[in-house]
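Listing of upload.tsv; format and content: TSV, C-alpha atoms.
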chain	number	residue	atom	x	y	z
A	21	MET	CA	2.57	-22.44	-12.54
A	22	LYS	CA	1.84	-20.71	-15.83
A	23	ALA	CA	-1.28	-18.55	-16.02
A	24	VAL	CA	-2.79	-15.83	-18.19
A	25	ASN	CA	-3.23	-12.42	-16.55
A	26	ASP	CA	-6.00	-9.84	-17.13
A	27	GLN	CA	-4.22	-8.45	-20.20
A	28	GLY	CA	-3.97	-11.89	-21.82
A	29	LYS	CA	-0.23	-12.16	-21.17
A	30	GLU	CA	1.24	-15.46	-19.96
A	31	VAL	CA	2.84	-15.09	-16.53
A	32	THR	CA	4.36	-17.38	-13.95
A	33	GLU	CA	2.34	-17.49	-10.74
A	34	PHE	CA	3.35	-19.03	-7.45
A	35	GLY	CA	0.29	-20.55	-5.81
A	36	ASN	CA	1.67	-20.34	-2.30
A	37	LYS	CA	3.19	-16.85	-2.36
A	38	TYR	CA	0.84	-15.63	0.38
A	39	TRP	CA	1.17	-18.75	2.52
A	40	LEU	CA	3.79	-18.65	5.27
A	41	MET	CA	5.61	-21.94	5.60
A	42	LEU	CA	5.05	-22.76	9.26
A	43	ASP	CA	4.66	-26.03	11.08
A	44	GLU	CA	1.42	-26.61	13.04
A	45	LYS	CA	2.84	-25.33	16.32
A	46	GLU	CA	4.21	-22.14	14.75
A	47	ALA	CA	1.01	-21.56	12.78
A	48	GLN	CA	-1.06	-21.91	15.94
A	49	GLN	CA	1.23	-19.52	17.77
A	50	VAL	CA	1.23	-16.91	15.00
A	51	TYR	CA	-2.39	-17.15	13.86
A	52	GLY	CA	-4.37	-18.93	16.51
A	53	GLY	CA	-6.57	-20.53	13.86
A	54	LYS	CA	-7.01	-21.26	10.18
A	55	GLU	CA	-9.53	-18.44	9.68
A	56	ALA	CA	-7.00	-15.80	10.74
A	57	ARG	CA	-4.39	-17.25	8.39
A	58	THR	CA	-6.82	-17.32	5.48
A	59	GLU	CA	-7.95	-13.75	6.19
A	60	GLU	CA	-4.35	-12.54	6.25
A	61	MET	CA	-3.68	-14.20	2.89
A	62	LYS	CA	-6.83	-12.66	1.38
A	63	TRP	CA	-5.89	-9.12	2.40
A	64	ARG	CA	-2.24	-9.46	1.38
A	65	GLN	CA	-3.43	-10.52	-2.06
A	66	TRP	CA	-5.92	-7.62	-2.12
A	67	ALA	CA	-3.05	-5.19	-1.41
A	68	ASP	CA	-1.05	-6.70	-4.29
A	69	ASP	CA	-3.94	-6.98	-6.73
A	70	TRP	CA	-5.79	-3.71	-6.04
A	71	LEU	CA	-4.36	-1.32	-3.45
A	72	VAL	CA	-0.92	-1.02	-5.02
A	73	HIS	CA	-2.48	0.08	-8.33
A	74	LEU	CA	-4.19	3.04	-6.65
A	75	ILE	CA	-1.00	4.71	-5.48
A	76	SER	CA	0.67	6.12	-8.61
A	77	PRO	CA	-2.56	7.49	-10.08
A	78	ASN	CA	-3.16	9.28	-6.76
A	79	VAL	CA	0.37	10.55	-6.17
A	80	TYR	CA	0.88	11.76	-9.76
A	81	ARG	CA	-2.74	12.77	-10.39
A	82	THR	CA	-1.96	16.17	-11.90
A	83	PRO	CA	1.19	17.71	-13.38
A	84	THR	CA	1.44	19.98	-10.32
A	85	GLU	CA	1.24	17.03	-7.90
A	86	ALA	CA	3.76	15.07	-9.97
A	87	LEU	CA	6.17	18.02	-9.87
A	88	ALA	CA	5.66	18.41	-6.11
A	89	SER	CA	6.41	14.72	-5.57
A	90	PHE	CA	9.55	14.85	-7.69
A	91	ASP	CA	10.63	18.08	-6.04
A	92	TYR	CA	10.55	16.20	-2.73
A	93	ILE	CA	12.41	13.21	-4.24
A	94	VAL	CA	15.12	15.43	-5.72
A	95	ARG	CA	15.49	17.50	-2.56
A	96	GLU	CA	15.74	14.45	-0.29
A	97	GLY	CA	17.89	12.55	-2.81
A	98	LYS	CA	20.53	15.28	-2.77
A	99	PHE	CA	20.84	15.48	-6.56
A	100	GLY	CA	23.14	17.98	-8.22
A	101	ALA	CA	21.58	21.01	-9.92
A	102	VAL	CA	21.49	19.60	-13.46
A	103	GLU	CA	20.68	16.01	-12.46
A	104	GLY	CA	18.00	17.29	-10.10
A	105	ALA	CA	16.32	19.43	-12.74
A	106	VAL	CA	16.34	16.59	-15.26
A	107	ALA	CA	15.09	14.07	-12.70
A	108	LYS	CA	12.38	16.44	-11.48
A	109	TYR	CA	10.92	17.46	-14.84
A	110	VAL	CA	11.47	14.29	-16.85
A	111	GLY	CA	10.51	12.07	-13.91
A	112	ALA	CA	7.37	14.07	-13.13
A	113	ALA	CA	6.27	14.06	-16.78
A	114	ALA	CA	6.93	10.33	-17.14
A	115	MET	CA	5.11	9.41	-13.93
A	116	TYR	CA	2.18	11.67	-14.77
A	117	LEU	CA	1.77	9.86	-18.11
A	118	ILE	CA	2.29	6.44	-16.50
A	119	SER	CA	-0.32	7.25	-13.86
A	120	LYS	CA	-2.86	8.06	-16.59
A	121	ARG	CA	-2.10	4.75	-18.28
A	122	LEU	CA	-2.51	2.89	-14.97
A	123	LYS	CA	-5.79	4.71	-14.35
A	124	SER	CA	-7.09	3.44	-17.67
A	125	ARG	CA	-5.64	-0.08	-17.32
A	126	HIS	CA	-7.20	-0.62	-13.89
A	127	HIS	CA	-10.50	1.09	-14.76
A	128	LEU	CA	-10.23	3.70	-12.02
A	129	GLN	CA	-12.79	6.45	-11.58
A	130	ASP	CA	-12.18	9.91	-13.07
A	131	ASN	CA	-11.47	11.13	-9.55
A	132	VAL	CA	-8.97	8.48	-8.49
A	133	ARG	CA	-9.21	9.69	-4.89
A	134	GLU	CA	-12.62	8.03	-4.76
A	135	ASP	CA	-11.08	4.62	-5.50
A	136	LEU	CA	-8.52	5.22	-2.77
A	137	TYR	CA	-11.24	6.26	-0.31
A	138	GLU	CA	-13.28	3.18	-1.21
A	139	ALA	CA	-10.24	0.96	-0.62
A	140	ALA	CA	-9.64	2.65	2.73
A	141	ASN	CA	-13.28	2.18	3.70
A	142	LYS	CA	-13.15	-1.48	2.68
A	143	TRP	CA	-10.03	-2.04	4.81
A	144	VAL	CA	-11.47	-0.22	7.83
A	145	ALA	CA	-14.76	-2.15	7.55
A	146	ALA	CA	-12.87	-5.46	7.36
A	147	VAL	CA	-10.81	-4.63	10.44
A	148	GLY	CA	-14.00	-3.63	12.23
A	149	LYS	CA	-14.46	-1.90	15.55
A	150	ASP	CA	-13.68	-4.86	17.77
A	151	ARG	CA	-9.97	-5.10	17.03
A	152	PRO	CA	-7.21	-2.56	16.53
A	153	PHE	CA	-5.56	-4.44	13.64
A	154	MET	CA	-6.49	-6.93	10.95
A	155	GLY	CA	-4.35	-9.35	12.94
A	156	GLY	CA	-6.36	-8.74	16.11
A	157	GLN	CA	-4.48	-7.25	19.04
A	158	ARG	CA	-1.21	-7.42	17.08
A	159	PRO	CA	-0.67	-6.43	13.47
A	160	ASN	CA	-0.17	-9.24	11.01
A	161	LEU	CA	1.44	-9.25	7.57
A	162	ALA	CA	-1.75	-7.92	5.98
A	163	ASP	CA	-1.54	-4.85	8.25
A	164	LEU	CA	2.12	-4.38	7.40
A	165	VAL	CA	1.67	-4.83	3.64
A	166	SER	CA	-1.24	-2.37	3.57
A	167	VAL	CA	0.75	0.22	5.51
A	168	VAL	CA	3.78	-0.13	3.25
A	169	VAL	CA	1.70	-0.02	0.06
A	170	ALA	CA	-0.36	2.91	1.32
A	171	GLY	CA	2.87	4.68	2.20
A	172	GLY	CA	2.75	5.99	-1.34
A	173	CYS	CA	-0.63	7.52	-0.61
A	174	PRO	CA	-0.80	11.29	-1.05
A	175	SER	CA	-1.12	11.49	2.72
A	176	ARG	CA	1.75	13.96	2.99
A	177	HIS	CA	-0.57	16.40	1.23
A	178	GLN	CA	-4.07	15.18	2.03
A	179	HIS	CA	-5.15	12.54	4.51
A	180	CYS	CA	-7.50	9.86	3.32
A	181	PRO	CA	-10.55	10.52	5.48
A	182	SER	CA	-11.44	7.02	6.59
A	183	TRP	CA	-8.13	5.16	6.79
A	184	SER	CA	-6.93	4.79	10.33
A	185	TRP	CA	-3.45	6.28	9.95
A	186	VAL	CA	-3.02	6.41	13.71
A	187	GLN	CA	-3.43	2.64	13.68
A	188	CYS	CA	-0.52	2.40	11.26
A	189	SER	CA	1.78	4.41	13.51
A	190	ARG	CA	1.23	1.92	16.34
A	191	LEU	CA	2.63	-1.06	14.42
A	192	LEU	CA	4.65	-3.27	16.72
A	193	PRO	CA	5.62	-0.42	19.05
A	194	ALA	CA	7.33	-2.60	21.67
A	195	ARG	CA	10.01	-4.09	19.41
A	196	PRO	CA	13.07	-2.51	17.76
A	197	LEU	CA	11.58	-3.25	14.32
A	198	GLY	CA	8.35	-1.74	15.56
A	199	GLN	CA	10.17	1.41	16.60
A	200	HIS	CA	11.57	1.63	13.09
A	201	LEU	CA	8.12	1.03	11.59
A	202	THR	CA	6.57	3.64	13.87
A	203	GLY	CA	9.11	6.18	12.62
A	204	LEU	CA	8.52	5.10	9.04
A	205	ALA	CA	4.75	5.30	9.45
A	206	SER	CA	5.08	8.77	10.97
A	207	LEU	CA	7.26	9.87	8.08
A	208	LEU	CA	4.89	8.45	5.50
A	209	PHE	CA	1.60	9.46	7.02
A	210	PHE	CA	2.05	12.61	9.05
A	211	GLN	CA	4.39	14.91	7.12
A	212	ASP	CA	3.14	18.13	5.63

Go ahead and render the structure in this file as structure tokens.
Amino acid sequence: MKAVNDQGKEVTEFGNKYWLMLDEKEAQQVYGGKEARTEEMKWRQWADDWLVHLISPNVYRTPTEALASFDYIVREGKFGAVEGAVAKYVGAAAMYLISKRLKSRHHLQDNVREDLYEAANKWVAAVGKDRPFMGGQRPNLADLVSVVVAGGCPSRHQHCPSWSWVQCSRLLPARPLGQHLTGLASLLFFQD
């Protein structure tokens, strides 16, 4: 379906992109009820529409932080000396400028950390104290999407104070995929 986005540009939207195609029996097994399915869709959309836009302005907030991020990318990417230097300095400069543009486009606060903290607080409040995950006793796709999106959070350098990062590291721990996700979450959230 054709729609006009916030910038007045015509885009193609898919109305069911957050809706899993399940028959009644599968939906009942996965969600247990329509409210849980609707809540999952709401938070997946929130991650796409808001949370993802907070990451670059937070990771590349200053030239020093942009250089530190690209230093890590170049070091882990095993670039050659010349390619690494070009990637580090040109990439850091480009992402620093892009992050400033994103900050303006999405009307973020001067201290973009505050927007990230508010998003974390909103997520934690929505999960509540009575369940370990948005999906209840097991993480759902909203939990997974938020963890993956927030993986770009500057958590390697500074933990967001209210986001339950420990919760993220427990994603699906009993399954092989869960073991992979636990390792990924540890890498993303607990490195110095």

| said: Ranking A:Met154, A:Ala162, A:Ile93, A:Val147 by minimum distance to Ala107 of chain A and counting only C-alpha atoms, which one comes first? | reply: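 Closest candidate: A:Ile93.
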
| message | Between atom CA of Lys142 of chain A and atom CA of Lys123 of chain A, what is the distance in Å, rounded to a tenth? | response |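 Computing the Euclidean distance for atom CA of Lys142 of chain A and atom CA of Lys123 of chain A yields 19.6 Å.
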
| said: I want to know what sits within 12 Å of Lys54 of chain A, based on all atoms listed in the file, with residues of the same chain fewer than 6 positions away left out; could you give that as a list in words? | reply: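 Here the answer would be Trp39, Glu44, Ala47, Gln48, Glu60 and Met61 of chain A.
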
| request: Find the residues near Leu136 of chain A: any atom within 9 Å, counting all atoms listed in the file, skip ones fewer than 3 places away on the same chain, and give them as a list in words. | output: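 Contacts, with the query itself left out: Leu71, Leu74, Ile75, Asn78, Val132, Arg133, Ala139, Ala140, Asn141, Cys173 and Cys180 of chain A.
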
| field | Coordinates-based distance that separates atom CA of Leu161 of chain A from atom CA of Arg57 of chain A (Å, one decimal) | value |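 If I compute the distance from atom CA of Arg57 of chain A to atom CA of Leu161 of chain A, I get 9.9 Å.
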
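Take atom CA of Gly104 of chain A and atom CA of Tyr80 of chain A: the distance between them is 18.0 Å.
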
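For the set A:Ala86, A:Leu122, A:Ala23, A:Ala105, the residue with the smallest atom-to-atom gap to Val72 of chain A is A:Leu122, counting all atoms listed in the file.
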